[in-house]
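Coordinates from final.cif are shown below (mmCIF, C-alpha atoms).
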data_input
loop_
_atom_site.group_PDB
_atom_site.id
_atom_site.type_symbol
_atom_site.label_atom_id
_atom_site.label_comp_id
_atom_site.auth_asym_id
_atom_site.auth_seq_id
_atom_site.Cartn_x
_atom_site.Cartn_y
_atom_site.Cartn_z
ATOM 1 C CA MET J 1 -52.290 34.446 -41.522
ATOM 2 C CA LEU J 2 -54.315 36.550 -39.098
ATOM 3 C CA THR J 3 -58.069 36.891 -39.301
ATOM 4 C CA PHE J 4 -60.196 39.109 -37.055
ATOM 5 C CA HIS J 5 -63.845 38.446 -36.357
ATOM 6 C CA PRO J 6 -66.491 40.548 -34.622
ATOM 7 C CA ASN J 7 -68.542 38.307 -32.371
ATOM 8 C CA LEU J 8 -71.848 39.117 -30.716
ATOM 9 C CA LYS J 9 -71.500 42.903 -30.744
ATOM 10 C CA PRO J 10 -70.748 44.217 -34.249
ATOM 11 C CA TRP J 11 -68.556 47.295 -34.327
ATOM 12 C CA HIS J 12 -69.169 50.263 -36.656
ATOM 13 C CA PRO J 13 -66.456 52.911 -37.057
ATOM 14 C CA PRO J 14 -67.343 56.536 -36.368
ATOM 15 C CA LYS J 15 -68.091 58.764 -39.326
ATOM 16 C CA SER J 16 -64.819 60.618 -39.649
ATOM 17 C CA LYS J 17 -61.812 60.703 -41.937
ATOM 18 C CA THR J 18 -59.629 59.088 -39.298
ATOM 19 C CA PRO J 19 -61.735 56.435 -37.526
ATOM 20 C CA HIS J 20 -60.465 55.376 -34.114
ATOM 21 C CA PHE J 21 -61.203 52.333 -32.015
ATOM 22 C CA ARG J 22 -59.557 51.207 -28.844
ATOM 23 C CA ILE J 23 -58.227 47.848 -30.036
ATOM 24 C CA PRO J 24 -57.447 48.285 -33.719
ATOM 25 C CA ILE J 25 -56.129 45.783 -36.193
ATOM 26 C CA LEU J 26 -52.708 46.770 -37.440
ATOM 27 C CA ASN J 27 -52.094 45.580 -40.981
ATOM 28 C CA THR J 28 -48.340 45.794 -40.663
ATOM 29 C CA LEU J 29 -45.825 46.089 -37.868
ATOM 30 C CA SER J 30 -42.416 47.219 -39.059
ATOM 31 C CA GLU J 31 -39.216 48.419 -37.471
ATOM 32 C CA ASN J 32 -40.335 51.991 -38.234
ATOM 33 C CA ASN J 33 -43.642 51.499 -36.461
ATOM 34 C CA PRO J 34 -43.415 52.906 -32.896
ATOM 35 C CA ILE J 35 -45.824 50.265 -31.628
ATOM 36 C CA ALA J 36 -43.452 47.533 -32.744
ATOM 37 C CA GLN J 37 -40.627 49.179 -30.816
ATOM 38 C CA THR J 38 -42.361 49.240 -27.444
ATOM 39 C CA SER J 39 -42.554 45.544 -26.686
ATOM 40 C CA GLY J 40 -41.173 44.533 -23.319
ATOM 41 C CA LYS J 41 -37.409 44.247 -23.328
ATOM 42 C CA ILE J 42 -36.246 40.619 -23.361
ATOM 43 C CA LYS J 43 -33.297 40.358 -20.980
ATOM 44 C CA ARG J 44 -32.420 36.773 -21.895
ATOM 45 C CA GLN J 45 -33.740 33.725 -23.728
ATOM 46 C CA VAL J 46 -35.175 31.117 -21.361
ATOM 47 C CA LEU J 47 -35.344 28.155 -23.735
ATOM 48 C CA ASN J 48 -32.672 26.564 -25.878
ATOM 49 C CA PRO J 49 -33.564 25.283 -29.376
ATOM 50 C CA GLU J 50 -34.149 21.729 -28.143
ATOM 51 C CA GLY J 51 -36.492 22.912 -25.412
ATOM 52 C CA ARG J 52 -38.730 24.558 -28.001
ATOM 53 C CA THR J 53 -39.309 21.394 -30.049
ATOM 54 C CA LYS J 54 -42.534 19.389 -30.306
ATOM 55 C CA LEU J 55 -43.051 15.708 -31.020
ATOM 56 C CA ASN J 56 -45.726 16.456 -33.612
ATOM 57 C CA PRO J 57 -44.255 18.714 -36.319
ATOM 58 C CA ILE J 58 -47.607 19.609 -37.918
ATOM 59 C CA SER J 59 -48.389 23.305 -37.575
ATOM 60 C CA ASP J 60 -50.547 24.244 -34.620
ATOM 61 C CA GLY J 61 -52.982 25.926 -36.988
ATOM 62 C CA ASP J 62 -53.597 22.611 -38.733
ATOM 63 C CA PHE J 63 -53.661 20.620 -35.484
ATOM 64 C CA TYR J 64 -56.382 22.866 -34.015
ATOM 65 C CA ALA J 65 -58.332 23.260 -37.262
ATOM 66 C CA PHE J 66 -61.071 20.962 -35.946
ATOM 67 C CA PRO J 67 -63.062 22.502 -33.040
ATOM 68 C CA ARG J 68 -62.972 20.776 -29.659
ATOM 69 C CA PHE J 69 -65.962 21.821 -27.570
ATOM 70 C CA VAL J 70 -64.619 20.382 -24.316
ATOM 71 C CA THR J 71 -63.137 22.117 -21.280
ATOM 72 C CA HIS J 72 -59.972 19.974 -20.900
ATOM 73 C CA VAL J 73 -60.080 20.552 -17.117
ATOM 74 C CA ASP J 74 -62.369 19.467 -14.300
ATOM 75 C CA ASN J 75 -64.913 21.499 -12.334
ATOM 76 C CA ILE J 76 -62.584 22.044 -9.381
ATOM 77 C CA PHE J 77 -59.983 23.613 -11.644
ATOM 78 C CA ILE J 78 -62.603 25.770 -13.383
ATOM 79 C CA SER J 79 -64.039 26.964 -10.069
ATOM 80 C CA THR J 80 -60.579 27.844 -8.768
ATOM 81 C CA LEU J 81 -59.730 29.761 -11.941
ATOM 82 C CA THR J 82 -63.032 31.654 -11.934
ATOM 83 C CA ASP J 83 -62.510 32.616 -8.298
ATOM 84 C CA LEU J 84 -59.021 33.864 -9.152
ATOM 85 C CA TYR J 85 -60.392 35.983 -11.992
ATOM 86 C CA ARG J 86 -63.111 37.303 -9.700
ATOM 87 C CA GLU J 87 -60.454 38.382 -7.216
ATOM 88 C CA ARG J 88 -57.854 39.775 -9.624
ATOM 89 C CA LEU J 89 -59.834 41.249 -12.540
ATOM 90 C CA SER J 90 -61.696 44.450 -11.745
ATOM 91 C CA PRO J 91 -65.181 45.079 -13.151
ATOM 92 C CA GLY J 92 -65.065 47.378 -16.160
ATOM 93 C CA SER J 93 -61.648 46.130 -17.249
ATOM 94 C CA GLU J 94 -60.563 45.632 -20.846
ATOM 95 C CA ILE J 95 -59.217 42.094 -21.144
ATOM 96 C CA LEU J 96 -57.448 39.911 -23.681
ATOM 97 C CA ASP J 97 -58.004 36.162 -23.363
ATOM 98 C CA VAL J 98 -54.989 34.861 -25.250
ATOM 99 C CA MET J 99 -54.908 31.277 -26.588
ATOM 100 C CA SER J 100 -58.604 31.018 -25.765
ATOM 101 C CA SER J 101 -61.408 28.710 -26.878
ATOM 102 C CA TRP J 102 -65.195 28.490 -26.576
ATOM 103 C CA VAL J 103 -65.106 29.297 -22.840
ATOM 104 C CA SER J 104 -63.116 31.884 -20.894
ATOM 105 C CA HIS J 105 -64.079 30.920 -17.309
ATOM 106 C CA LEU J 106 -64.668 34.565 -16.377
ATOM 107 C CA PRO J 107 -67.208 35.056 -13.575
ATOM 108 C CA GLU J 108 -70.660 35.391 -15.106
ATOM 109 C CA GLU J 109 -71.866 38.083 -12.722
ATOM 110 C CA VAL J 110 -68.983 40.487 -13.405
ATOM 111 C CA GLU J 111 -69.278 42.972 -16.264
ATOM 112 C CA TYR J 112 -66.151 43.944 -18.165
ATOM 113 C CA LYS J 113 -65.837 46.823 -20.591
ATOM 114 C CA LYS J 114 -64.424 44.646 -23.332
ATOM 115 C CA VAL J 115 -63.140 41.086 -23.704
ATOM 116 C CA VAL J 116 -61.081 40.273 -26.781
ATOM 117 C CA GLY J 117 -60.248 36.659 -27.562
ATOM 118 C CA HIS J 118 -57.356 35.118 -29.423
ATOM 119 C CA GLY J 119 -57.039 31.508 -30.486
ATOM 120 C CA LEU J 120 -56.462 29.035 -33.289
ATOM 121 C CA ASN J 121 -60.020 27.945 -34.057
ATOM 122 C CA ALA J 122 -62.614 30.460 -35.222
ATOM 123 C CA GLN J 123 -65.528 28.086 -34.566
ATOM 124 C CA GLU J 124 -64.574 27.722 -30.923
ATOM 125 C CA LEU J 125 -64.035 31.458 -30.437
ATOM 126 C CA ALA J 126 -67.330 32.313 -32.114
ATOM 127 C CA LYS J 127 -69.119 30.160 -29.506
ATOM 128 C CA ASN J 128 -67.516 31.998 -26.585
ATOM 129 C CA PRO J 129 -70.269 34.174 -25.045
ATOM 130 C CA ARG J 130 -67.831 36.438 -23.180
ATOM 131 C CA LEU J 131 -65.938 37.694 -26.229
ATOM 132 C CA ASP J 132 -66.794 41.011 -27.850
ATOM 133 C CA TYR J 133 -64.281 40.375 -30.606
ATOM 134 C CA PHE J 134 -61.754 37.715 -31.463
ATOM 135 C CA PHE J 135 -58.874 37.081 -33.836
ATOM 136 C CA VAL J 136 -57.233 33.899 -35.077
ATOM 137 C CA LYS J 137 -53.458 33.638 -35.208
ATOM 138 C CA ASP J 138 -50.680 31.096 -34.652
ATOM 139 C CA LEU J 139 -48.337 32.679 -32.102
ATOM 140 C CA ASN J 140 -45.702 30.069 -32.857
ATOM 141 C CA GLN J 141 -45.473 31.497 -36.379
ATOM 142 C CA ASP J 142 -45.788 35.197 -35.520
ATOM 143 C CA GLN J 143 -45.715 36.498 -31.962
ATOM 144 C CA ARG J 144 -46.947 40.011 -32.698
ATOM 145 C CA LEU J 145 -50.319 41.037 -31.300
ATOM 146 C CA GLU J 146 -52.144 43.428 -33.633
ATOM 147 C CA LEU J 147 -53.256 45.625 -30.755
ATOM 148 C CA GLU J 148 -52.375 49.111 -29.610
ATOM 149 C CA SER J 149 -49.722 49.525 -26.967
ATOM 150 C CA CYS J 150 -51.055 50.100 -23.439
ATOM 151 C CA CYS J 151 -54.670 49.334 -24.419
ATOM 152 C CA LEU J 152 -55.591 46.588 -21.929
ATOM 153 C CA ASP J 153 -56.039 46.252 -18.187
ATOM 154 C CA ALA J 154 -55.490 42.501 -18.096
ATOM 155 C CA VAL J 155 -54.339 39.531 -20.150
ATOM 156 C CA VAL J 156 -55.223 35.960 -19.196
ATOM 157 C CA CYS J 157 -53.855 32.703 -20.577
ATOM 158 C CA ALA J 158 -55.511 29.497 -19.381
ATOM 159 C CA VAL J 159 -54.066 25.984 -19.827
ATOM 160 C CA SER J 160 -52.175 26.844 -23.017
ATOM 161 C CA VAL J 161 -48.771 28.263 -22.112
ATOM 162 C CA GLN J 162 -47.197 24.812 -22.588
ATOM 163 C CA TYR J 163 -47.614 25.084 -26.374
ATOM 164 C CA LEU J 164 -45.649 28.316 -26.875
ATOM 165 C CA GLN J 165 -42.382 27.804 -28.708
ATOM 166 C CA GLN J 166 -41.354 31.467 -28.452
ATOM 167 C CA PRO J 167 -42.688 32.361 -24.991
ATOM 168 C CA GLU J 168 -40.181 35.162 -24.461
ATOM 169 C CA GLN J 169 -41.500 37.097 -27.459
ATOM 170 C CA VAL J 170 -45.141 36.434 -26.544
ATOM 171 C CA PHE J 171 -44.638 37.643 -22.971
ATOM 172 C CA ALA J 172 -42.865 40.733 -24.331
ATOM 173 C CA GLU J 173 -45.882 41.475 -26.530
ATOM 174 C CA VAL J 174 -48.251 40.988 -23.585
ATOM 175 C CA PHE J 175 -46.167 43.490 -21.649
ATOM 176 C CA ARG J 176 -46.514 45.965 -24.516
ATOM 177 C CA VAL J 177 -50.314 45.802 -24.803
ATOM 178 C CA LEU J 178 -50.877 46.073 -21.047
ATOM 179 C CA ARG J 179 -51.415 49.449 -19.456
ATOM 180 C CA PRO J 180 -49.104 50.341 -16.552
ATOM 181 C CA GLY J 181 -50.445 48.413 -13.580
ATOM 182 C CA GLY J 182 -52.109 45.849 -15.839
ATOM 183 C CA VAL J 183 -52.089 42.210 -14.770
ATOM 184 C CA PHE J 184 -51.087 39.043 -16.648
ATOM 185 C CA ILE J 185 -52.465 35.762 -15.259
ATOM 186 C CA VAL J 186 -51.097 32.470 -16.607
ATOM 187 C CA SER J 187 -52.840 29.333 -15.325
ATOM 188 C CA PHE J 188 -52.066 25.714 -16.130
ATOM 189 C CA ARG J 189 -52.314 22.110 -14.951
ATOM 190 C CA ASN J 190 -50.632 18.773 -15.665
ATOM 191 C CA ARG J 191 -52.849 17.713 -18.573
ATOM 192 C CA MET J 192 -51.775 18.547 -22.105
ATOM 193 C CA PHE J 193 -51.739 17.445 -25.700
ATOM 194 C CA TYR J 194 -48.466 15.694 -25.087
ATOM 195 C CA GLU J 195 -47.208 15.693 -28.667
ATOM 196 C CA LYS J 196 -47.869 19.448 -29.020
ATOM 197 C CA ALA J 197 -46.295 20.603 -25.745
ATOM 198 C CA ILE J 198 -42.719 21.839 -25.982
ATOM 199 C CA ALA J 199 -39.913 19.563 -24.797
ATOM 200 C CA ALA J 200 -39.049 21.829 -21.854
ATOM 201 C CA TRP J 201 -42.575 21.247 -20.528
ATOM 202 C CA ARG J 202 -43.405 17.638 -21.435
ATOM 203 C CA GLU J 203 -41.242 15.722 -18.987
ATOM 204 C CA GLY J 204 -41.352 18.280 -16.209
ATOM 205 C CA THR J 205 -43.140 18.259 -12.869
ATOM 206 C CA GLY J 206 -45.639 20.702 -11.442
ATOM 207 C CA TYR J 207 -42.809 22.432 -9.602
ATOM 208 C CA SER J 208 -40.534 22.689 -12.635
ATOM 209 C CA ARG J 209 -43.360 24.017 -14.801
ATOM 210 C CA VAL J 210 -44.134 26.745 -12.286
ATOM 211 C CA GLN J 211 -40.450 27.656 -12.313
ATOM 212 C CA LEU J 212 -40.452 27.735 -16.103
ATOM 213 C CA VAL J 213 -43.404 30.130 -16.310
ATOM 214 C CA MET J 214 -41.782 32.287 -13.646
ATOM 215 C CA GLN J 215 -38.699 32.498 -15.856
ATOM 216 C CA TYR J 216 -40.857 33.602 -18.784
ATOM 217 C CA PHE J 217 -42.016 36.566 -16.686
ATOM 218 C CA GLN J 218 -38.590 37.275 -15.235
ATOM 219 C CA CYS J 219 -36.922 37.456 -18.645
ATOM 220 C CA ILE J 220 -39.058 40.518 -19.494
ATOM 221 C CA GLN J 221 -37.902 43.779 -17.993
ATOM 222 C CA GLY J 222 -40.687 45.545 -16.126
ATOM 223 C CA PHE J 223 -42.921 42.811 -14.711
ATOM 224 C CA THR J 224 -43.400 43.054 -10.954
ATOM 225 C CA GLN J 225 -42.532 40.467 -8.333
ATOM 226 C CA LEU J 226 -44.419 37.289 -9.098
ATOM 227 C CA ALA J 227 -47.291 35.737 -7.191
ATOM 228 C CA VAL J 228 -47.820 31.980 -7.454
ATOM 229 C CA VAL J 229 -51.133 30.262 -6.707
ATOM 230 C CA ARG J 230 -51.244 26.501 -6.171
ATOM 231 C CA ASN J 231 -54.202 24.289 -5.354
ATOM 232 C CA PHE J 232 -53.856 20.520 -4.975
ATOM 233 C CA PRO J 233 -57.095 18.463 -4.883
ATOM 234 C CA LEU J 234 -57.186 15.434 -2.621
ATOM 235 C CA THR J 235 -57.109 13.028 -5.575
ATOM 236 C CA GLY J 236 -55.202 12.901 -8.814
ATOM 237 C CA GLY J 237 -52.192 15.156 -9.183
ATOM 238 C CA ALA J 238 -48.741 13.624 -9.063
ATOM 239 C CA LYS J 239 -50.143 10.105 -8.646
ATOM 240 C CA GLU J 240 -51.557 10.318 -12.154
ATOM 241 C CA GLU J 241 -48.109 10.903 -13.626
ATOM 242 C CA ARG J 242 -46.824 7.661 -12.081
ATOM 243 C CA ARG J 243 -49.677 5.419 -13.242
ATOM 244 C CA PRO J 244 -48.894 2.593 -15.715
ATOM 245 C CA PHE J 245 -49.262 3.802 -19.282
ATOM 246 C CA GLY J 246 -49.359 7.373 -17.997
ATOM 247 C CA TRP J 247 -47.333 8.369 -21.059
ATOM 248 C CA LEU J 248 -50.208 7.193 -23.275
ATOM 249 C CA THR J 249 -52.839 9.244 -21.475
ATOM 250 C CA ARG J 250 -50.562 12.271 -21.684
ATOM 251 C CA LEU J 251 -50.080 11.639 -25.395
ATOM 252 C CA LEU J 252 -53.837 11.634 -25.934
ATOM 253 C CA GLY J 253 -54.414 14.633 -23.669
ATOM 254 C CA LEU J 254 -56.721 12.508 -21.522
ATOM 255 C CA MET J 255 -55.015 12.376 -18.136
ATOM 256 C CA SER J 256 -57.749 11.535 -15.615
ATOM 257 C CA GLY J 257 -58.258 12.554 -12.031
ATOM 258 C CA SER J 258 -58.559 16.012 -10.440
ATOM 259 C CA ASP J 259 -56.306 18.704 -11.817
ATOM 260 C CA PRO J 260 -53.701 20.407 -9.656
ATOM 261 C CA PHE J 261 -54.122 24.138 -10.207
ATOM 262 C CA TYR J 262 -51.205 26.454 -10.851
ATOM 263 C CA ALA J 263 -51.179 30.144 -11.717
ATOM 264 C CA VAL J 264 -48.397 32.688 -11.999
ATOM 265 C CA ILE J 265 -49.358 36.374 -11.793
ATOM 266 C CA ALA J 266 -47.470 39.610 -12.398
ATOM 267 C CA PHE J 267 -48.222 43.257 -13.135
ATOM 268 C CA LYS J 268 -46.719 45.688 -15.628
ATOM 269 C CA ASN J 269 -44.415 48.081 -13.759
ATOM 270 C CA PHE J 270 -46.496 48.199 -10.551
ATOM 271 C CA LYS J 271 -49.473 46.619 -8.867
ATOM 272 C CA ARG J 272 -52.596 48.732 -8.848
ATOM 273 C CA ILE J 273 -54.346 49.318 -5.554
ATOM 274 C CA TYR J 274 -58.114 49.224 -5.871
ATOM 275 C CA GLU J 275 -60.204 50.878 -3.203
#
Same coordinates, now as C-alpha cells:
Amino acid sequence: MLTFHPNLKPWHPPKSKTPHFRIPILNTLSENNPIAQTSGKIKRQVLNPEGRTKLNPISDGDFYAFPRFVTHVDNIFISTLTDLYRERLSPGSEILDVMSSWVSHLPEEVEYKKVVGHGLNAQELAKNPRLDYFFVKDLNQDQRLELESCCLDAVVCAVSVQYLQQPEQVFAEVFRVLRPGGVFIVSFRNRMFYEKAIAAWREGTGYSRVQLVMQYFQCIQGFTQLAVVRNFPLTGGAKEERRPFGWLTRLLGLMSGSDPFYAVIAFKNFKRIYE
C-alpha cells in the first residue's frame, strides 16, 4: 500500500476546480491510463526466476519497518557520491531519490527545485532534510511510480539496487518519469543485507554487479550509452570478501573496511549539454 507524506514544506493546491501540481499522486494506473502506457519499453528480461529470489522471504516492507538511522557506507564512499551528484545534477533540477532513507548525500550548497523521496520507512524519510515530499512503497510488490510522465530531471538510487526483484520494470518506470535528457544515477558498493539481496547479486563480484546494473539499463529502449564510475580505496574492497567468516558479515550487513565505489549512469534519449 502506498502512502504519500509532505515533509518540511507543506503543499496547498491552488484554488481552482482542476488543481494541478507537478508531481501528483495517481490513485490508479490502468491499461486505459496514458501515463501507464508510456513506461520505457522492456526489450528483454535480465533475470531468471531463480536470480530474483531472496534468502529471507519476509516482505521488504516488514523487514524495513524499524528505522535504521545509519549510513551503511563509509565517509570515502559518501564523499565520492556527493562529488558525483555535484558534477552530474544541475542546480534547480527536480529529482527523485528512489529507495532513499534519512540521508540523500546531495551536496549541501546546491539548491534544487524539488527533491522527492521514495523508500520503505516513513520515519527515516521524514528525517531527511533534503526531501520536499516523500512516499512509501514496496517496489518489489508494485513497480509503478505514482508520478507524471516526463516530470523529473534526475533520478538517483544509492546502495539499494541489489534489493530489486523486478529491476526491469523499475528501470522502465524511471525512464517514463524522466524528461528527455534526464539522468539516472545508480550507485552501489559491496556491502548489503545479505539475506535481502537477490540471488543474482549475492554471490557476485564488483565486476559482475556492474555488468548486471548495466544490463538493467540496456534492457530498456531509449537509455543512452552508459558511463561507469569506479573508485577503489587503498584498503578493504575485494580483500574483505575473502576474509574468514566473510559470509557472516555479509549476512549481517556489517562488512568492514573501506567501500569500493561503483556507479552506472545513463540519460533518457540524449545527454544534455549544460553551458
(message) Nearest residue to Glu173 of chain J out of J:Thr205, J:Gln221, J:Ser93, J:Asn128, using all atoms listed in the file?
(response) J:Gln221
(message) With the PyMOL selection byres ((chain J and resi 119) around 6) as the selection, what would be picked from this file? Answer as a VMD selection string, please.
(response) chain J and resid 99 to 100 118 120 to 121 136
(message) Calculated over only C-alpha atoms, which of the candidates J:Ser208, J:Gln169, J:Asn56, J:Ser149 has the smallest distance to Gly182 of chain J?
(response)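 Looking at the shortest contact to Gly182 of chain J, the residue is J:Ser149.
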(request) Between J:Ser90, J:Gln211, J:Asn48, J:Thr53, single out the one closest to Tyr163 of chain J, counting only C-alpha atoms. (result)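 Among the listed residues, J:Thr53 lies closest to Tyr163 of chain J.
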(message) Residues near Glu111 of chain J, anyone? I mean within 8 Å using only C-alpha atoms, not counting same-chain ones fewer than 3 positions away, as a count of residues only.
(response) 3
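Proximity of J:Ala199, J:Val229, J:Leu106, J:Val186 to Phe217 of chain J, computed with all atoms listed in the file, is greatest for J:Val186.
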Name all residues at most 8 Å from Tyr85 of chain J (count all atoms listed in the file; drop same-chain ones fewer than 4 positions away) and give them as a compact mmCIF listing (two decimals) with C-alpha atoms, keeping the file's coordinate frame.
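File out-v4.txt, as written:
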# COMPACT_ATOMS: atom_id res chain seq x y z
CA LEU J 81 -59.73 29.76 -11.94
CA LEU J 89 -59.83 41.25 -12.54
CA LEU J 106 -64.67 34.56 -16.38
CA PRO J 107 -67.21 35.06 -13.58
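The shell of residues at most 7 Å from Arg189 of chain J, with only C-alpha atoms counted and near chain neighbours (fewer than 3 positions) removed, consists of Val159, Asp259, Pro260, Phe261 and Tyr262 of chain J.
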Test item: axis-aligned box, all listed atoms of segment 151-157 of chain J, 8 Å on each side, centre and edges in Å rounded to one decimal, as lines of an AutoDock Vina configuration file:
center_x = -54.9
center_y = 41.0
center_z = -21.3
size_x = 18.2
size_y = 32.6
size_z = 22.3
(request) Determine, counting all atoms listed in the file, which protein, DNA and RNA residues have an atom within 8 Å of an atom of Ile95 of chain J; residues of the same chain fewer than 3 positions away are not included. Present the result as number ranges by chain. (result) J: 112, 114-116, 152-156
(request) Please provide as an MDAnalysis selection string all residues within 12 Å of Pro49 of chain J, with the sequence filter that same-chain residues fewer than 5 positions apart are discarded (counting all atoms listed in the file). (result) chainID J and resid 54 165:166 198:200
(message) Is it possible to get the residues within 10 Å of (-43.6, 18.6, -20.8) (coordinates as in the file, counting only C-alpha atoms) written as an MDAnalysis selection string?
(response) chainID J and resid 51 54 162:163 190:206 208:209 250
(request) State, in Å with one decimal place, the distance from atom CA of Ser187 of chain J to atom CA of Thr224 of chain J. (result)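 Result for atom CA of Ser187 of chain J versus atom CA of Thr224 of chain J: 17.2 Å, one decimal.
For the pair atom CA of Val183 of chain J and atom CA of Phe223 of chain J, the separation is 9.2 Å.
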(request) State, in Å with one decimal place, the distance from atom CA of Asp74 of chain J to atom CA of Gly117 of chain J. (result) 21.8 Å
(request) Let me know the residues the PyMOL selection byres ((chain J and resi 124) around 7) catches in the file above, as a VMD selection string. (result) chain J and resid 67 69 101 to 102 121 to 123 125 to 128
(request) Go through J:Asn75, J:Ser104, J:Asn269, J:Gln215 one by one, measure the shortest atom-to-atom distance of each to Leu47 of chain J using only C-alpha atoms, and give the residue with the smallest value. (result)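 Closest residue, counting only C-alpha atoms: J:Gln215.
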